file start.txt (compact mmCIF, C-alpha atoms and all ligand atoms)
# COMPACT_ATOMS: atom_id res chain seq x y z
CA MET A 1 1.45 -30.59 24.05
CA LYS A 2 0.73 -34.11 22.76
CA ASP A 3 0.89 -33.25 19.06
CA ARG A 4 3.79 -35.21 17.53
CA ILE A 5 3.90 -38.38 15.47
CA LEU A 6 6.53 -40.75 16.81
CA VAL A 7 7.95 -43.24 14.32
CA VAL A 8 9.93 -46.14 15.78
CA GLY A 9 11.70 -48.13 13.10
CA PRO A 10 14.64 -48.73 10.79
CA SER A 11 16.63 -46.45 8.55
CA ASN A 12 18.48 -47.86 5.54
CA THR A 13 20.39 -46.65 2.56
CA ASP A 14 18.83 -48.21 -0.53
CA MET A 15 20.99 -49.28 -3.50
CA ILE A 16 18.66 -49.55 -6.44
CA ILE A 17 19.12 -51.14 -9.86
CA LYS A 18 16.44 -50.73 -12.51
CA LEU A 19 16.08 -53.88 -14.67
CA GLU A 20 13.94 -55.09 -17.58
CA ARG A 21 12.76 -57.91 -15.35
CA LEU A 22 13.63 -59.34 -11.92
CA PRO A 23 16.36 -62.03 -11.88
CA THR A 24 15.65 -65.70 -11.07
CA PRO A 25 17.99 -67.65 -8.68
CA GLY A 26 21.46 -68.11 -10.21
CA GLU A 27 20.81 -65.64 -13.01
CA THR A 28 22.82 -62.50 -13.78
CA ILE A 29 20.98 -59.67 -15.49
CA ILE A 30 22.69 -56.56 -16.73
CA GLY A 31 20.63 -53.62 -15.61
CA GLY A 32 20.19 -49.99 -16.44
CA GLU A 33 19.87 -47.08 -14.05
CA PHE A 34 21.58 -47.23 -10.62
CA ALA A 35 20.62 -44.96 -7.73
CA THR A 36 21.15 -44.69 -4.00
CA ALA A 37 18.39 -43.25 -1.86
CA GLY A 38 17.26 -42.93 1.73
CA GLY A 39 15.16 -45.92 2.73
CA GLY A 40 14.04 -48.17 5.58
CA LYS A 41 10.37 -48.46 6.45
CA GLY A 42 10.60 -46.36 9.62
CA ALA A 43 12.63 -43.57 8.04
CA ASN A 44 10.40 -43.57 4.94
CA GLN A 45 7.29 -43.21 7.08
CA ALA A 46 8.87 -40.40 9.12
CA VAL A 47 9.91 -38.55 5.95
CA GLN A 48 6.40 -38.94 4.54
CA CYS A 49 4.90 -37.46 7.74
CA ALA A 50 7.35 -34.54 7.64
CA ARG A 51 6.66 -33.80 3.95
CA LEU A 52 2.98 -33.56 4.80
CA GLY A 53 3.81 -30.93 7.41
CA ALA A 54 3.43 -33.00 10.60
CA PRO A 55 5.76 -32.60 13.60
CA VAL A 56 7.55 -35.96 13.63
CA ILE A 57 10.10 -37.68 15.83
CA LEU A 58 12.15 -40.65 14.58
CA LEU A 59 13.42 -43.15 17.14
CA ALA A 60 16.01 -45.33 15.38
CA ARG A 61 19.46 -46.87 15.88
CA ILE A 62 21.78 -45.74 13.10
CA GLY A 63 25.43 -46.67 12.51
CA LYS A 64 28.19 -44.14 13.10
CA ASP A 65 29.35 -44.35 9.50
CA PRO A 66 29.06 -42.18 6.37
CA PHE A 67 25.72 -43.80 5.39
CA GLY A 68 24.33 -43.01 8.83
CA ASP A 69 25.70 -39.45 8.77
CA ARG A 70 24.01 -38.82 5.43
CA SER A 71 20.69 -40.21 6.68
CA VAL A 72 20.66 -38.09 9.83
CA GLU A 73 21.58 -34.94 7.83
CA GLN A 74 18.72 -35.70 5.44
CA PHE A 75 16.23 -36.16 8.31
CA GLN A 76 17.26 -32.81 9.75
CA MET A 77 16.78 -31.17 6.36
CA GLU A 78 13.27 -32.69 6.26
CA GLY A 79 12.50 -31.12 9.66
CA ILE A 80 12.36 -34.45 11.52
CA ASP A 81 13.25 -34.35 15.24
CA THR A 82 16.40 -36.50 15.42
CA SER A 83 17.11 -36.01 19.13
CA PHE A 84 15.98 -39.58 19.96
CA ILE A 85 18.17 -41.21 17.27
CA ILE A 86 20.88 -43.41 18.76
CA ARG A 87 24.19 -43.50 16.86
CA ASP A 88 25.76 -46.97 17.06
CA ALA A 89 29.56 -47.16 16.75
CA GLU A 90 29.62 -50.98 16.69
CA HIS A 91 27.25 -51.84 13.86
CA HIS A 92 26.94 -50.56 10.29
CA SER A 93 23.88 -48.63 9.17
CA GLY A 94 21.13 -50.56 7.44
CA ILE A 95 21.57 -51.27 3.73
CA ALA A 96 18.93 -52.51 1.29
CA LEU A 97 19.62 -53.87 -2.19
CA ILE A 98 16.63 -53.29 -4.43
CA PHE A 99 15.83 -54.47 -7.95
CA VAL A 100 12.99 -52.75 -9.76
CA ASP A 101 11.56 -54.14 -13.02
CA LYS A 102 9.94 -52.25 -15.89
CA LYS A 103 6.46 -52.77 -14.40
CA GLY A 104 7.54 -51.10 -11.13
CA GLU A 105 7.60 -54.37 -9.13
CA ASN A 106 10.54 -54.86 -6.80
CA MET A 107 12.70 -57.36 -4.92
CA ILE A 108 14.38 -56.19 -1.71
CA ALA A 109 17.15 -57.71 0.45
CA VAL A 110 18.10 -55.92 3.68
CA ALA A 111 21.29 -56.07 5.80
CA PRO A 112 19.75 -54.39 8.86
CA GLY A 113 23.01 -53.73 10.77
CA SER A 114 22.34 -51.29 13.62
CA ASN A 115 18.55 -51.54 13.12
CA SER A 116 18.72 -55.06 14.60
CA PHE A 117 20.15 -53.68 17.82
CA LEU A 118 17.37 -51.24 18.66
CA SER A 119 16.41 -52.48 22.12
CA LYS A 120 13.70 -52.29 24.75
CA ALA A 121 16.12 -50.14 26.80
CA ASP A 122 16.48 -47.69 23.87
CA VAL A 123 12.69 -47.40 23.74
CA GLU A 124 12.32 -46.94 27.48
CA MET A 125 14.96 -44.17 27.44
CA ALA A 126 12.70 -42.30 25.02
CA ARG A 127 9.61 -42.12 27.26
CA GLU A 128 9.54 -38.34 26.79
CA ALA A 129 8.94 -38.83 23.05
CA PHE A 130 5.87 -41.00 23.83
CA LYS A 131 4.57 -38.40 26.29
CA ILE A 132 4.50 -35.67 23.63
CA SER A 133 3.17 -37.82 20.77
CA SER A 134 -0.48 -38.37 19.88
CA THR A 135 0.39 -41.21 17.49
CA LEU A 136 3.00 -43.97 17.40
CA LEU A 137 3.76 -45.46 13.98
CA LEU A 138 5.56 -48.81 13.87
CA GLN A 139 6.60 -51.51 11.38
CA LEU A 140 8.31 -54.90 11.89
CA GLU A 141 11.74 -54.28 10.34
CA ILE A 142 13.28 -54.05 13.83
CA PRO A 143 13.31 -56.79 16.50
CA LEU A 144 10.00 -57.63 18.19
CA GLU A 145 11.28 -56.58 21.64
CA PRO A 146 11.40 -52.81 20.91
CA VAL A 147 8.11 -53.11 19.00
CA GLU A 148 6.44 -54.64 22.08
CA ALA A 149 8.06 -52.10 24.39
CA SER A 150 6.86 -49.25 22.17
CA VAL A 151 3.29 -50.54 22.07
CA PHE A 152 3.16 -50.92 25.86
CA LEU A 153 4.74 -47.50 26.51
CA ALA A 154 2.31 -45.91 24.05
CA LYS A 155 -0.60 -47.41 25.95
CA GLU A 156 0.79 -46.10 29.27
CA GLU A 157 1.17 -42.64 27.78
CA GLY A 158 -2.22 -42.56 26.02
CA THR A 159 -0.65 -42.56 22.54
CA ARG A 160 -2.56 -44.07 19.59
CA VAL A 161 -0.78 -47.05 17.96
CA ILE A 162 -0.68 -47.60 14.20
CA LEU A 163 1.17 -50.78 13.24
CA ASN A 164 2.24 -51.60 9.70
CA PRO A 165 3.22 -55.30 10.13
CA ALA A 166 5.85 -55.32 7.37
CA PRO A 167 7.68 -57.60 6.86
CA ALA A 168 5.06 -59.86 8.44
CA GLN A 169 5.62 -62.27 11.29
CA PRO A 170 3.14 -63.80 13.74
CA LEU A 171 2.55 -61.36 16.60
CA PRO A 172 1.63 -62.03 20.23
CA GLN A 173 -1.93 -61.32 21.29
CA SER A 174 -0.60 -58.77 23.83
CA VAL A 175 0.68 -56.63 20.93
CA LEU A 176 -2.35 -57.05 18.66
CA GLU A 177 -4.86 -56.12 21.34
CA ASN A 178 -3.04 -52.84 21.93
CA VAL A 179 -3.00 -51.82 18.28
CA ASP A 180 -5.53 -49.13 17.37
CA ILE A 181 -5.07 -49.36 13.60
CA LEU A 182 -3.37 -52.30 11.87
CA VAL A 183 -2.31 -51.74 8.25
CA PRO A 184 -1.15 -54.99 6.58
CA ASN A 185 -1.16 -55.80 2.89
CA GLU A 186 -2.97 -58.99 1.86
CA THR A 187 0.06 -61.28 2.30
CA GLU A 188 0.91 -59.78 5.66
CA ALA A 189 -2.70 -60.20 6.79
CA LYS A 190 -2.53 -63.91 5.86
CA ILE A 191 0.73 -64.47 7.75
CA LEU A 192 -0.57 -62.63 10.82
CA SER A 193 -3.69 -64.78 10.71
CA GLY A 194 -1.60 -67.98 10.55
CA PHE A 195 -2.06 -68.79 6.82
CA PRO A 196 0.54 -69.33 4.08
CA PRO A 197 0.83 -66.43 1.58
CA ASP A 198 -0.95 -68.47 -1.15
CA GLU A 199 -4.01 -69.34 0.99
CA ASP A 200 -7.29 -68.70 -0.85
CA ILE A 201 -9.09 -66.50 1.65
CA SER A 202 -10.82 -63.16 1.18
CA PRO A 203 -9.47 -59.88 2.62
CA LEU A 204 -12.77 -59.44 4.49
CA GLU A 205 -12.41 -62.80 6.25
CA LEU A 206 -8.80 -61.90 7.13
CA ALA A 207 -9.78 -58.51 8.51
CA LYS A 208 -12.46 -60.14 10.67
CA MET A 209 -9.95 -62.69 12.00
CA LEU A 210 -7.52 -59.91 12.89
CA ARG A 211 -10.33 -58.03 14.63
CA ALA A 212 -11.09 -61.20 16.58
CA LYS A 213 -7.49 -61.15 17.82
CA GLY A 214 -8.16 -57.79 19.47
CA VAL A 215 -7.17 -55.23 16.81
CA LYS A 216 -9.62 -52.33 16.89
CA ARG A 217 -9.47 -51.14 13.27
CA VAL A 218 -7.98 -52.99 10.30
CA ILE A 219 -7.03 -51.53 6.92
CA ILE A 220 -5.87 -54.16 4.41
CA THR A 221 -4.08 -52.53 1.48
CA LEU A 222 -4.76 -54.34 -1.80
CA GLY A 223 -2.40 -52.59 -4.24
CA SER A 224 -4.18 -51.57 -7.44
CA LYS A 225 -7.47 -52.87 -5.95
CA GLY A 226 -7.45 -50.19 -3.24
CA SER A 227 -8.01 -50.98 0.42
CA LEU A 228 -10.51 -52.54 2.77
CA TYR A 229 -11.46 -51.03 6.13
CA VAL A 230 -13.12 -52.99 8.95
CA ASP A 231 -13.96 -51.94 12.51
CA GLU A 232 -16.60 -52.85 15.07
CA ASN A 233 -19.35 -50.88 13.31
CA GLU A 234 -18.57 -50.65 9.62
CA GLN A 235 -16.68 -52.09 6.70
CA PHE A 236 -16.01 -50.45 3.35
CA GLU A 237 -13.60 -50.42 0.42
CA VAL A 238 -11.68 -47.42 -0.87
CA PRO A 239 -10.60 -47.67 -4.54
CA ALA A 240 -7.00 -47.06 -5.57
CA PHE A 241 -6.04 -44.13 -7.81
CA LYS A 242 -4.89 -45.16 -11.28
CA VAL A 243 -1.39 -43.93 -12.14
CA GLU A 244 1.54 -44.98 -14.35
CA SER A 245 3.64 -46.88 -11.81
CA VAL A 246 7.44 -46.75 -12.13
CA ASP A 247 8.48 -48.20 -8.75
CA THR A 248 6.24 -49.45 -5.94
CA THR A 249 9.05 -49.32 -3.32
CA ALA A 250 7.81 -47.43 -0.23
CA ALA A 251 4.21 -47.12 -1.47
CA GLY A 252 3.13 -48.86 1.75
CA ASP A 253 5.32 -46.49 3.79
CA SER A 254 3.84 -43.50 2.03
CA PHE A 255 0.33 -44.83 2.78
CA CYS A 256 1.09 -45.41 6.48
CA GLY A 257 2.85 -42.06 7.00
CA ALA A 258 0.00 -40.20 5.34
CA LEU A 259 -2.60 -42.17 7.27
CA ALA A 260 -0.89 -41.27 10.57
CA VAL A 261 -0.86 -37.60 9.59
CA ALA A 262 -4.51 -37.57 8.52
CA ILE A 263 -5.68 -39.41 11.65
CA SER A 264 -3.65 -37.13 13.95
CA GLU A 265 -5.22 -34.12 12.22
CA GLY A 266 -8.66 -35.52 13.11
CA LYS A 267 -9.75 -36.52 9.58
CA GLY A 268 -12.48 -39.20 9.43
CA ILE A 269 -11.29 -42.67 8.51
CA ARG A 270 -12.68 -42.67 4.95
CA GLU A 271 -11.04 -39.35 4.16
CA ALA A 272 -7.80 -40.44 5.86
CA ILE A 273 -7.63 -43.61 3.72
CA ARG A 274 -8.34 -41.63 0.53
CA PHE A 275 -5.58 -39.16 1.43
CA ALA A 276 -3.16 -42.04 2.18
CA SER A 277 -4.09 -43.78 -1.11
CA ALA A 278 -3.34 -40.58 -3.03
CA CYS A 279 0.08 -40.27 -1.40
CA ALA A 280 0.90 -43.91 -2.09
CA ALA A 281 -0.23 -43.62 -5.72
CA ILE A 282 1.96 -40.55 -6.32
CA SER A 283 4.95 -42.28 -4.69
CA THR A 284 4.78 -45.12 -7.23
CA THR A 285 5.27 -42.70 -10.14
CA ARG A 286 8.91 -42.04 -9.15
CA LEU A 287 12.00 -44.19 -8.58
CA GLY A 288 13.33 -44.79 -5.05
CA ALA A 289 11.87 -44.74 -1.55
CA GLN A 290 12.40 -41.32 0.03
CA PRO A 291 12.86 -39.42 -3.27
CA SER A 292 9.38 -40.57 -4.32
CA LEU A 293 7.44 -39.39 -1.25
CA PRO A 294 5.15 -36.44 -2.07
CA ARG A 295 4.69 -33.13 -0.27
CA ARG A 296 1.29 -31.91 0.93
CA GLU A 297 0.67 -29.42 -1.92
CA GLU A 298 1.20 -32.15 -4.51
CA VAL A 299 -1.19 -34.53 -2.73
CA GLU A 300 -3.86 -31.86 -2.35
CA GLU A 301 -3.58 -30.90 -6.03
CA PHE A 302 -3.76 -34.60 -7.02
CA LEU A 303 -6.95 -35.01 -4.95
CA ARG A 304 -8.46 -31.79 -6.31
CA GLN A 305 -8.01 -33.04 -9.86
CA ARG A 306 -9.81 -36.27 -9.00
CA SER A 307 -12.74 -34.96 -6.97
O1 LIG A 401 9.37 -50.29 2.32
C1 LIG A 401 10.46 -50.02 1.48
C2 LIG A 401 11.74 -50.16 2.24
O2 LIG A 401 11.95 -51.51 2.60
C3 LIG A 401 12.96 -49.77 1.46
O3 LIG A 401 13.25 -48.40 1.55
C4 LIG A 401 14.05 -50.66 2.03
O4 LIG A 401 15.03 -49.98 2.73
C5 LIG A 401 13.31 -51.66 2.91
O5 LIG A 401 13.41 -51.35 4.24
call {"tool": "encode", "arguments": {"input": "start.txt", "output": "structure tokens", "more": "lines below"}}
Ligand code: RIB
result
Amino acid sequence: MKDRILVVGPSNTDMIIKLERLPTPGETIIGGEFATAGGGKGANQAVQCARLGAPVILLARIGKDPFGDRSVEQFQMEGIDTSFIIRDAEHHSGIALIFVDKKGENMIAVAPGSNSFLSKADVEMAREAFKISSTLLLQLEIPLEPVEASVFLAKEEGTRVILNPAPAQPLPQSVLENVDILVPNETEAKILSGFPPDEDISPLELAKMLRAKGVKRVIITLGSKGSLYVDENEQFEVPAFKVESVDTTAAGDSFCGALAVAISEGKGIREAIRFASACAAISTTRLGAQPSLPRREEVEEFLRQRS
């Protein structure tokens, strides 16, 4: 049965320091709370899908080291299918250093390690995972080669492609025209459209430009301003939920994981975006990437209270 969500992407261990404010270059700030947590955009999205009850497969390259062991154990506890994870004895597992300020804004530096070695061959070896998946969820924290290979294999196998282009880089037309749903934030949308991050251009214009490059459906996430949806027939905005934000790390991952789940369950696009926005909002109320990702009951209760 073609009922799984396949996530292809990185897994990291996040080392988090909570600070009054983010440091400037050359500055040392003494911080408060320290925490380690599961992270990496791919792993975060897979965990979010699993916590919402979806059958999910994670295709990732993870170091054969204690960080990697802990990540794989955690995925198994979450109910994620880890049989397509490749353990890499030559490269360390991904590590991210994260500063979070008192407003919940962050600064992230990643040493990708084994994530950088996920290859086209690794993807092609996992054809079976594409065959049994209705949806492929991808980000850009791995090299472009396995991203391209995944998109092409998904098309061959009739699997829907959702691409979260984070961190952004210009993408070839051949990738963009095979993406069913593209989910950039505003800065990522600018970079993908060939503009600098400070370009004064509206999200609607950006979404239309991305559509002109061949993307079927575009959702631009706008943080506290909600999100904008554009396809061939309609365009609309979905407001964000107001919450007390503690840490925005992985809010985008929570949104994308939840969107993939809602779409694979057959929810309409408006309802899917609202569901994803609720998940992302809840995730910002807690510190850390994977520890912050909500379970289905919590999201449903959150939505009930706001309907
Ligand atoms: O999207 C948040 C993630 O980005 C963090 O978990 C960190 O690992 C980096 O990959």
call {"tool": "closest_residue", "arguments": {"input": "start.txt", "among": "A:Asp14, A:Glu177, A:Glu145, A:Glu300", "to": "Ile95 (chain A)", "atoms": "only C-alpha atoms"}}
result
A:Asp14
call {"tool": "atom_distance", "arguments": {"input": "start.txt", "atom1": "CA of Ser227 (chain A)", "atom2": "CA of Ala276 (chain A)"}}
result
10.3 Å
call {"tool": "residues_near_ligand", "arguments": {"input": "start.txt", "ligand": "ligand LIG 401 (chain A)", "cutoff": "8 Å", "atoms": "all atoms listed in the file", "output": "list in words"}}
result
Pro10, Ser11, Asn12, Thr13, Asp14, Gly38, Gly39, Gly40, Lys41, Gly42, Asn44, Gly94, Ile95, Ala96, Leu97, Ile98, Ile108, Ala109, Val110, Glu141, Ala166, Thr249, Ala250, Ala251, Gly252, Asp253, Gly288, Ala289 and Gln290 of chain A
call {"tool": "closest_residue", "arguments": {"input": "start.txt", "among": "A:Ala260, A:Pro170, A:Gly226, A:Ile62", "to": "Phe195 (chain A)", "atoms": "only C-alpha atoms"}}
result
A:Pro170
call {"tool": "closest_residue", "arguments": {"input": "start.txt", "among": "A:Leu303, A:Ala262, A:Val7, A:Val238", "to": "Val151 (chain A)", "atoms": "only C-alpha atoms"}}
result
A:Val7
call {"tool": "atom_distance", "arguments": {"input": "start.txt", "atom1": "CA of Glu234 (chain A)", "atom2": "CA of Asp200 (chain A)"}}
result
23.7 Å
call {"tool": "atom_distance", "arguments": {"input": "start.txt", "atom1": "CA of Leu153 (chain A)", "atom2": "CA of Val123 (chain A)"}}
result
8.4 Å
call {"tool": "closest_residue", "arguments": {"input": "start.txt", "among": "A:Ser193, A:Asn185, A:Thr159, A:Thr82", "to": "Gln173 (chain A)", "atoms": "all atoms listed in the file"}}
result
A:Ser193
call {"tool": "residues_around", "arguments": {"input": "start.txt", "residues": "Lys225 (chain A)", "least_positions_apart": "3", "cutoff": "7 Å", "atoms": "only C-alpha atoms", "output": "PyMOL selection string"}}
result
chain A and resi 222+239-240
call {"tool": "closest_residue", "arguments": {"input": "start.txt", "among": "A:Asn106, A:Ser71, A:Gln48, A:Gln76", "to": "Glu20 (chain A)", "atoms": "all atoms listed in the file"}}
result
A:Asn106
call {"tool": "residues_around", "arguments": {"input": "start.txt", "residues": "Leu259 (chain A)", "least_positions_apart": "2", "cutoff": "7 Å", "atoms": "all atoms listed in the file", "output": "compact mmCIF listing (two decimals) with C-alpha atoms, keeping the file's coordinate frame"}}
result
# COMPACT_ATOMS: atom_id res chain seq x y z
CA PHE A 255 0.33 -44.83 2.78
CA CYS A 256 1.09 -45.41 6.48
CA GLY A 257 2.85 -42.06 7.00
CA VAL A 261 -0.86 -37.60 9.59
CA ALA A 262 -4.51 -37.57 8.52
CA ILE A 263 -5.68 -39.41 11.65
CA ALA A 272 -7.80 -40.44 5.86
CA ILE A 273 -7.63 -43.61 3.72
CA ALA A 276 -3.16 -42.04 2.18
call {"tool": "build_atoms", "arguments": {"input": "start.txt", "residues": "region 280-301 of chain A", "atoms": "N, CA, C and O atoms", "output": "PDB file, keeping the file's coordinate frame"}}
result
ATOM      1  N   ALA A 280       0.250 -42.670  -1.643  1.00  0.00           N
ATOM      2  CA  ALA A 280       0.900 -43.910  -2.090  1.00  0.00           C
ATOM      3  C   ALA A 280       0.922 -43.973  -3.617  1.00  0.00           C
ATOM      4  O   ALA A 280       1.940 -44.354  -4.216  1.00  0.00           O
ATOM      5  N   ALA A 281      -0.172 -43.572  -4.253  1.00  0.00           N
ATOM      6  CA  ALA A 281      -0.230 -43.620  -5.720  1.00  0.00           C
ATOM      7  C   ALA A 281       0.840 -42.699  -6.319  1.00  0.00           C
ATOM      8  O   ALA A 281       1.583 -43.100  -7.221  1.00  0.00           O
ATOM      9  N   ILE A 282       0.950 -41.488  -5.786  1.00  0.00           N
ATOM     10  CA  ILE A 282       1.960 -40.550  -6.320  1.00  0.00           C
ATOM     11  C   ILE A 282       3.363 -41.148  -6.136  1.00  0.00           C
ATOM     12  O   ILE A 282       4.204 -41.071  -7.025  1.00  0.00           O
ATOM     13  N   SER A 283       3.593 -41.762  -4.967  1.00  0.00           N
ATOM     14  CA  SER A 283       4.950 -42.280  -4.690  1.00  0.00           C
ATOM     15  C   SER A 283       5.368 -43.345  -5.704  1.00  0.00           C
ATOM     16  O   SER A 283       6.561 -43.526  -5.948  1.00  0.00           O
ATOM     17  N   THR A 284       4.400 -44.064  -6.284  1.00  0.00           N
ATOM     18  CA  THR A 284       4.780 -45.120  -7.230  1.00  0.00           C
ATOM     19  C   THR A 284       5.177 -44.563  -8.610  1.00  0.00           C
ATOM     20  O   THR A 284       5.648 -45.298  -9.449  1.00  0.00           O
ATOM     21  N   THR A 285       4.957 -43.266  -8.817  1.00  0.00           N
ATOM     22  CA  THR A 285       5.270 -42.700 -10.140  1.00  0.00           C
ATOM     23  C   THR A 285       6.726 -42.259 -10.237  1.00  0.00           C
ATOM     24  O   THR A 285       7.134 -41.711 -11.261  1.00  0.00           O
ATOM     25  N   ARG A 286       7.494 -42.458  -9.134  1.00  0.00           N
ATOM     26  CA  ARG A 286       8.910 -42.040  -9.150  1.00  0.00           C
ATOM     27  C   ARG A 286       9.791 -43.149  -8.601  1.00  0.00           C
ATOM     28  O   ARG A 286       9.349 -43.942  -7.774  1.00  0.00           O
ATOM     29  N   LEU A 287      11.055 -43.165  -9.022  1.00  0.00           N
ATOM     30  CA  LEU A 287      12.000 -44.190  -8.580  1.00  0.00           C
ATOM     31  C   LEU A 287      12.518 -43.888  -7.173  1.00  0.00           C
ATOM     32  O   LEU A 287      12.776 -42.738  -6.839  1.00  0.00           O
ATOM     33  N   GLY A 288      12.686 -44.945  -6.365  1.00  0.00           N
ATOM     34  CA  GLY A 288      13.330 -44.790  -5.050  1.00  0.00           C
ATOM     35  C   GLY A 288      12.315 -44.600  -3.938  1.00  0.00           C
ATOM     36  O   GLY A 288      11.167 -44.216  -4.184  1.00  0.00           O
ATOM     37  N   ALA A 289      12.776 -44.852  -2.704  1.00  0.00           N
ATOM     38  CA  ALA A 289      11.870 -44.740  -1.550  1.00  0.00           C
ATOM     39  C   ALA A 289      11.679 -43.272  -1.178  1.00  0.00           C
ATOM     40  O   ALA A 289      10.707 -42.630  -1.592  1.00  0.00           O
ATOM     41  N   GLN A 290      12.618 -42.692  -0.438  1.00  0.00           N
ATOM     42  CA  GLN A 290      12.400 -41.320   0.030  1.00  0.00           C
ATOM     43  C   GLN A 290      12.280 -40.288  -1.102  1.00  0.00           C
ATOM     44  O   GLN A 290      11.460 -39.360  -0.996  1.00  0.00           O
ATOM     45  N   PRO A 291      13.030 -40.412  -2.202  1.00  0.00           N
ATOM     46  CA  PRO A 291      12.860 -39.420  -3.270  1.00  0.00           C
ATOM     47  C   PRO A 291      11.443 -39.401  -3.853  1.00  0.00           C
ATOM     48  O   PRO A 291      11.020 -38.412  -4.446  1.00  0.00           O
ATOM     49  N   SER A 292      10.699 -40.489  -3.676  1.00  0.00           N
ATOM     50  CA  SER A 292       9.380 -40.570  -4.320  1.00  0.00           C
ATOM     51  C   SER A 292       8.248 -40.021  -3.450  1.00  0.00           C
ATOM     52  O   SER A 292       7.122 -39.886  -3.923  1.00  0.00           O
ATOM     53  N   LEU A 293       8.522 -39.722  -2.187  1.00  0.00           N
ATOM     54  CA  LEU A 293       7.440 -39.390  -1.250  1.00  0.00           C
ATOM     55  C   LEU A 293       6.949 -37.954  -1.476  1.00  0.00           C
ATOM     56  O   LEU A 293       7.743 -37.010  -1.435  1.00  0.00           O
ATOM     57  N   PRO A 294       5.649 -37.770  -1.696  1.00  0.00           N
ATOM     58  CA  PRO A 294       5.150 -36.440  -2.070  1.00  0.00           C
ATOM     59  C   PRO A 294       4.982 -35.476  -0.904  1.00  0.00           C
ATOM     60  O   PRO A 294       4.882 -35.888   0.254  1.00  0.00           O
ATOM     61  N   ARG A 295       4.980 -34.196  -1.243  1.00  0.00           N
ATOM     62  CA  ARG A 295       4.690 -33.130  -0.270  1.00  0.00           C
ATOM     63  C   ARG A 295       3.194 -32.847  -0.294  1.00  0.00           C
ATOM     64  O   ARG A 295       2.492 -33.206  -1.232  1.00  0.00           O
ATOM     65  N   ARG A 296       2.734 -32.138   0.747  1.00  0.00           N
ATOM     66  CA  ARG A 296       1.290 -31.910   0.930  1.00  0.00           C
ATOM     67  C   ARG A 296       0.644 -31.225  -0.282  1.00  0.00           C
ATOM     68  O   ARG A 296      -0.397 -31.666  -0.761  1.00  0.00           O
ATOM     69  N   GLU A 297       1.294 -30.163  -0.814  1.00  0.00           N
ATOM     70  CA  GLU A 297       0.670 -29.420  -1.920  1.00  0.00           C
ATOM     71  C   GLU A 297       0.393 -30.357  -3.107  1.00  0.00           C
ATOM     72  O   GLU A 297      -0.641 -30.257  -3.756  1.00  0.00           O
ATOM     73  N   GLU A 298       1.350 -31.246  -3.370  1.00  0.00           N
ATOM     74  CA  GLU A 298       1.200 -32.150  -4.510  1.00  0.00           C
ATOM     75  C   GLU A 298       0.022 -33.110  -4.278  1.00  0.00           C
ATOM     76  O   GLU A 298      -0.760 -33.388  -5.193  1.00  0.00           O
ATOM     77  N   VAL A 299      -0.113 -33.590  -3.040  1.00  0.00           N
ATOM     78  CA  VAL A 299      -1.190 -34.530  -2.730  1.00  0.00           C
ATOM     79  C   VAL A 299      -2.532 -33.819  -2.832  1.00  0.00           C
ATOM     80  O   VAL A 299      -3.498 -34.349  -3.397  1.00  0.00           O
ATOM     81  N   GLU A 300      -2.582 -32.585  -2.306  1.00  0.00           N
ATOM     82  CA  GLU A 300      -3.860 -31.860  -2.350  1.00  0.00           C
ATOM     83  C   GLU A 300      -4.263 -31.553  -3.784  1.00  0.00           C
ATOM     84  O   GLU A 300      -5.423 -31.683  -4.151  1.00  0.00           O
ATOM     85  N   GLU A 301      -3.295 -31.185  -4.621  1.00  0.00           N
ATOM     86  CA  GLU A 301      -3.580 -30.900  -6.030  1.00  0.00           C
ATOM     87  C   GLU A 301      -4.055 -32.181  -6.743  1.00  0.00           C
ATOM     88  O   GLU A 301      -5.022 -32.169  -7.509  1.00  0.00           O
TER      89      GLU A 301
END
